[in-house]
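Visitor: This is the content of start.txt (compact mmCIF, C-alpha atoms):
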```txt
# COMPACT_ATOMS: atom_id res chain seq x y z
CA MET A 1 -111.61 -25.59 -57.60
CA ASP A 2 -114.42 -27.84 -58.79
CA VAL A 3 -114.99 -30.58 -56.20
CA THR A 4 -116.32 -32.95 -58.90
CA LEU A 5 -112.80 -32.94 -60.39
CA ILE A 6 -111.17 -33.55 -56.99
CA ASN A 7 -113.43 -36.30 -55.65
CA PRO A 8 -112.22 -38.97 -58.11
CA PHE A 9 -108.74 -38.75 -56.59
CA VAL A 10 -110.12 -39.22 -53.09
CA GLU A 11 -112.47 -42.03 -54.14
CA GLY A 12 -109.67 -43.74 -56.05
CA ALA A 13 -107.23 -43.61 -53.16
CA LEU A 14 -109.82 -44.86 -50.65
CA HIS A 15 -110.89 -47.69 -52.94
CA ILE A 16 -107.38 -48.80 -53.93
CA LEU A 17 -106.03 -48.77 -50.37
CA ASP A 18 -109.07 -50.58 -49.01
CA THR A 19 -109.15 -53.31 -51.66
CA THR A 20 -105.40 -53.93 -52.02
CA ALA A 21 -104.19 -53.48 -48.45
CA PHE A 22 -107.37 -53.40 -46.29
CA VAL A 23 -106.34 -49.93 -45.12
CA LYS A 24 -109.06 -47.60 -43.87
CA VAL A 25 -108.66 -43.87 -44.52
CA LYS A 26 -110.11 -40.83 -42.73
CA PRO A 27 -109.83 -37.28 -44.08
CA ASP A 28 -108.34 -34.32 -42.26
CA PRO A 29 -109.30 -30.76 -43.27
CA PRO A 30 -108.08 -29.79 -46.77
CA PHE A 31 -105.95 -26.68 -47.31
CA LEU A 32 -104.15 -24.76 -50.05
CA LYS A 33 -100.50 -25.74 -50.27
CA THR A 34 -98.01 -22.87 -50.45
CA THR A 35 -94.63 -24.64 -50.71
CA LEU A 36 -92.93 -26.96 -53.19
CA ARG A 37 -91.84 -29.42 -50.51
CA PRO A 38 -93.52 -32.84 -50.58
CA GLN A 39 -95.77 -33.67 -47.66
CA GLY A 40 -94.46 -37.20 -47.31
CA ASP A 41 -91.33 -39.30 -47.51
CA ILE A 42 -92.24 -40.90 -50.84
CA SER A 43 -94.57 -39.55 -53.54
CA GLY A 44 -96.13 -40.69 -56.79
CA ILE A 45 -96.44 -37.93 -59.42
CA LEU A 46 -99.38 -37.91 -61.86
CA GLU A 47 -99.98 -35.81 -64.97
CA ILE A 48 -103.47 -34.84 -66.18
CA SER A 49 -103.94 -34.10 -69.90
CA GLY A 50 -106.77 -33.84 -72.42
CA ASP A 51 -109.79 -31.61 -71.80
CA LEU A 52 -108.18 -30.72 -68.45
CA HIS A 53 -104.53 -30.04 -67.69
CA GLY A 54 -103.02 -30.49 -64.29
CA SER A 55 -101.04 -32.64 -61.95
CA ALA A 56 -101.48 -34.61 -58.77
CA VAL A 57 -99.18 -36.01 -56.11
CA ILE A 58 -99.88 -38.94 -53.81
CA SER A 59 -97.51 -38.70 -50.81
CA PHE A 60 -96.99 -41.18 -47.99
CA SER A 61 -95.12 -40.96 -44.72
CA GLU A 62 -92.49 -43.69 -44.39
CA LYS A 63 -94.55 -45.35 -41.65
CA SER A 64 -97.72 -45.39 -43.75
CA ILE A 65 -96.18 -46.75 -46.96
CA LEU A 66 -94.26 -49.45 -45.09
CA GLY A 67 -97.51 -50.48 -43.37
CA ILE A 68 -99.54 -50.35 -46.57
CA VAL A 69 -97.04 -52.37 -48.61
CA SER A 70 -96.57 -54.84 -45.76
CA ALA A 71 -100.34 -55.43 -45.83
CA MET A 72 -100.35 -55.70 -49.64
CA PHE A 73 -97.46 -58.20 -49.77
CA GLY A 74 -98.23 -60.08 -46.57
CA GLU A 75 -94.69 -59.59 -45.32
CA ASP A 76 -93.03 -57.09 -42.98
CA MET A 77 -91.42 -54.24 -44.93
CA THR A 78 -88.93 -52.26 -42.83
CA GLU A 79 -87.31 -49.76 -45.21
CA ILE A 80 -87.99 -47.78 -48.35
CA ASN A 81 -86.41 -49.82 -51.13
CA GLU A 82 -87.08 -50.78 -54.75
CA GLU A 83 -90.13 -52.87 -53.81
CA ILE A 84 -91.64 -49.92 -51.94
CA THR A 85 -90.86 -47.56 -54.82
CA ASP A 86 -92.50 -49.98 -57.27
CA ALA A 87 -95.55 -50.27 -55.00
CA VAL A 88 -95.94 -46.46 -54.83
CA GLY A 89 -95.79 -46.40 -58.62
CA GLU A 90 -98.41 -49.13 -58.87
CA ILE A 91 -100.73 -47.49 -56.31
CA SER A 92 -100.36 -44.17 -58.16
CA ASN A 93 -101.05 -45.90 -61.48
CA MET A 94 -104.20 -47.55 -60.12
CA ILE A 95 -105.44 -44.22 -58.75
CA ALA A 96 -104.69 -42.61 -62.14
CA GLY A 97 -106.81 -45.24 -63.90
CA HIS A 98 -109.68 -44.72 -61.48
CA VAL A 99 -109.55 -40.93 -61.93
CA THR A 100 -109.44 -41.22 -65.74
CA THR A 101 -112.58 -43.39 -65.68
CA LYS A 102 -114.49 -41.22 -63.20
CA ILE A 103 -113.72 -37.93 -64.96
CA ALA A 104 -114.77 -39.52 -68.28
CA GLU A 105 -118.17 -40.12 -66.65
CA LEU A 106 -118.38 -36.30 -66.36
CA ASN A 107 -118.13 -36.09 -70.19
CA LYS A 108 -114.51 -34.91 -70.12
CA LYS A 109 -111.80 -36.68 -72.07
CA VAL A 110 -108.72 -36.89 -69.90
CA LYS A 111 -105.72 -39.10 -69.45
CA VAL A 112 -104.25 -39.27 -65.98
CA LYS A 113 -100.90 -41.01 -66.09
CA PHE A 114 -98.26 -41.95 -63.60
CA VAL A 115 -95.00 -40.08 -64.27
CA LYS A 116 -92.51 -40.99 -61.54
CA VAL A 117 -91.81 -41.63 -57.87
CA CYS A 118 -89.92 -39.07 -55.78
CA ILE A 119 -88.18 -40.28 -52.63
CA GLY A 120 -87.37 -37.94 -49.75
CA SER A 121 -89.05 -34.94 -48.22
CA ASP A 122 -86.21 -32.61 -49.22
CA GLN A 123 -86.90 -32.56 -52.98
CA ASP A 124 -89.18 -29.89 -54.42
CA ILE A 125 -92.17 -31.15 -56.39
CA GLU A 126 -93.50 -28.68 -58.92
CA HIS A 127 -97.03 -29.01 -60.16
CA ILE A 128 -97.98 -28.26 -63.76
CA LYS A 129 -96.62 -25.04 -65.20
CA GLY A 130 -99.36 -22.43 -65.47
CA GLY A 131 -101.25 -24.29 -62.81
CA GLY A 132 -103.52 -22.72 -60.31
CA GLN A 133 -103.71 -23.37 -56.63
CA VAL A 134 -102.61 -26.69 -55.18
CA LEU A 135 -105.31 -28.27 -53.05
CA SER A 136 -103.86 -30.49 -50.32
CA LEU A 137 -106.03 -33.29 -48.99
CA PRO A 138 -104.43 -34.93 -45.93
CA PHE A 139 -105.60 -38.30 -44.64
CA ARG A 140 -104.99 -40.47 -41.61
CA THR A 141 -104.87 -44.14 -42.45
CA THR A 142 -104.76 -47.15 -40.18
CA LYS A 143 -101.06 -47.34 -41.17
CA GLY A 144 -100.09 -43.62 -40.97
CA ARG A 145 -100.39 -40.34 -42.88
CA MET A 146 -100.90 -39.78 -46.60
CA VAL A 147 -101.66 -36.65 -48.63
CA ILE A 148 -103.19 -36.13 -52.05
CA GLU A 149 -102.37 -32.86 -53.84
CA VAL A 150 -104.32 -31.78 -56.92
CA CYS A 151 -103.65 -28.82 -59.21
CA TYR A 152 -105.48 -27.90 -62.40
CA ALA A 153 -104.23 -25.29 -64.90
CA GLU A 154 -106.32 -22.16 -64.87
```
Output the file's structure as structure tokens, nothing else.
Guide:
Amino acid sequence: MDVTLINPFVEGALHILDTTAFVKVKPDPPFLKTTLRPQGDISGILEISGDLHGSAVISFSEKSILGIVSAMFGEDMTEINEEITDAVGEISNMIAGHVTTKIAELNKKVKVKFVKVCIGSDQDIEHIKGGGQVLSLPFRTTKGRMVIEVCYAE
């Protein structure tokens, strides 16, 4: 998998979380994902189309998303609710915009768009049909764990 097509997701997530919630992020070792189970309690699903086809998932543990959204809103969030779901959608949408811009700088026309939010760690999340391997990029944040998954069609 071409790292230049993965880095925009990482850069976007780091930038968005730092600027909107003052959350610092540190990477853990990446690995190839082998299951359909989400790696968090709530996940934003992204679709990649244009010169490249693929999908991405931004997953948060309950602890991390509650901490992140609490920092964003300036109020203590204690449960996953509609506000949290909306925030995951907005964070995913901002990351999608960042990735679209950065990949365009590589002379590739792509559209990365937010598709939906999945709640719960018991729902399977399928990446793009005909996709290749799913690269999982786990992170430790100052609020808890998050994972970015990226899959491009072969």
Visitor: For Glu149 in chain A, which residue among A:Met1, A:Ile42, A:Leu135, A:Leu32 is the nearest when counting only C-alpha atoms?
Guide: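 Comparing A:Met1, A:Ile42, A:Leu135, A:Leu32 against Glu149 in chain A, the winner is A:Leu135.
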Visitor: List every protein, DNA or RNA residue that has an atom no more than 12 Å from (-111.3, -42.4, -51.9) in the file's coordinate frame, counting all atoms listed in the file, and report them as a VMD selection string.
Guide: chain A and resid 6 to 19 23 to 27 95 98 to 99 102 137 to 139 141 146 to 148
Visitor: For CA of Asn81 in chain A and CA of Gln39 in chain A, quote the distance in Å rounded to one decimal.
Guide: 19.0 Å
Visitor: Which residue, A:Leu36, A:Ile68, A:Ala56, A:Leu46, has the smallest gap to Gly144 in chain A when you use all atoms listed in the file?
Guide: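 Using all atoms listed in the file, Gly144 in chain A sits closest to A:Ile68.
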Visitor: Go through A:Glu126, A:Leu66, A:Val110, A:Arg145 one by one, measure the shortest atom-to-atom distance of each to Leu52 in chain A using only C-alpha atoms, and give the residue with the smallest value.
Guide: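 With only C-alpha atoms as the atom set, the closest residue is A:Val110.
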Visitor: To one decimal place in Å, what is the distance between CA of Asn93 in chain A and CA of Asn107 in chain A?
Guide: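 The value is 21.5 Å.
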Visitor: Restricting the calculation to all atoms listed in the file, which member of A:Thr78, A:Ser64, A:Ser59, A:Gln133 is positioned closest to Pro38 in chain A?
Guide: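 Of the candidates, the smallest distance to Pro38 in chain A is held by A:Ser59.
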Visitor: Rounded to one decimal place, report the CA of Thr101 in chain A-CA of Arg140 in chain A distance in Å.
Guide: 25.4 Å
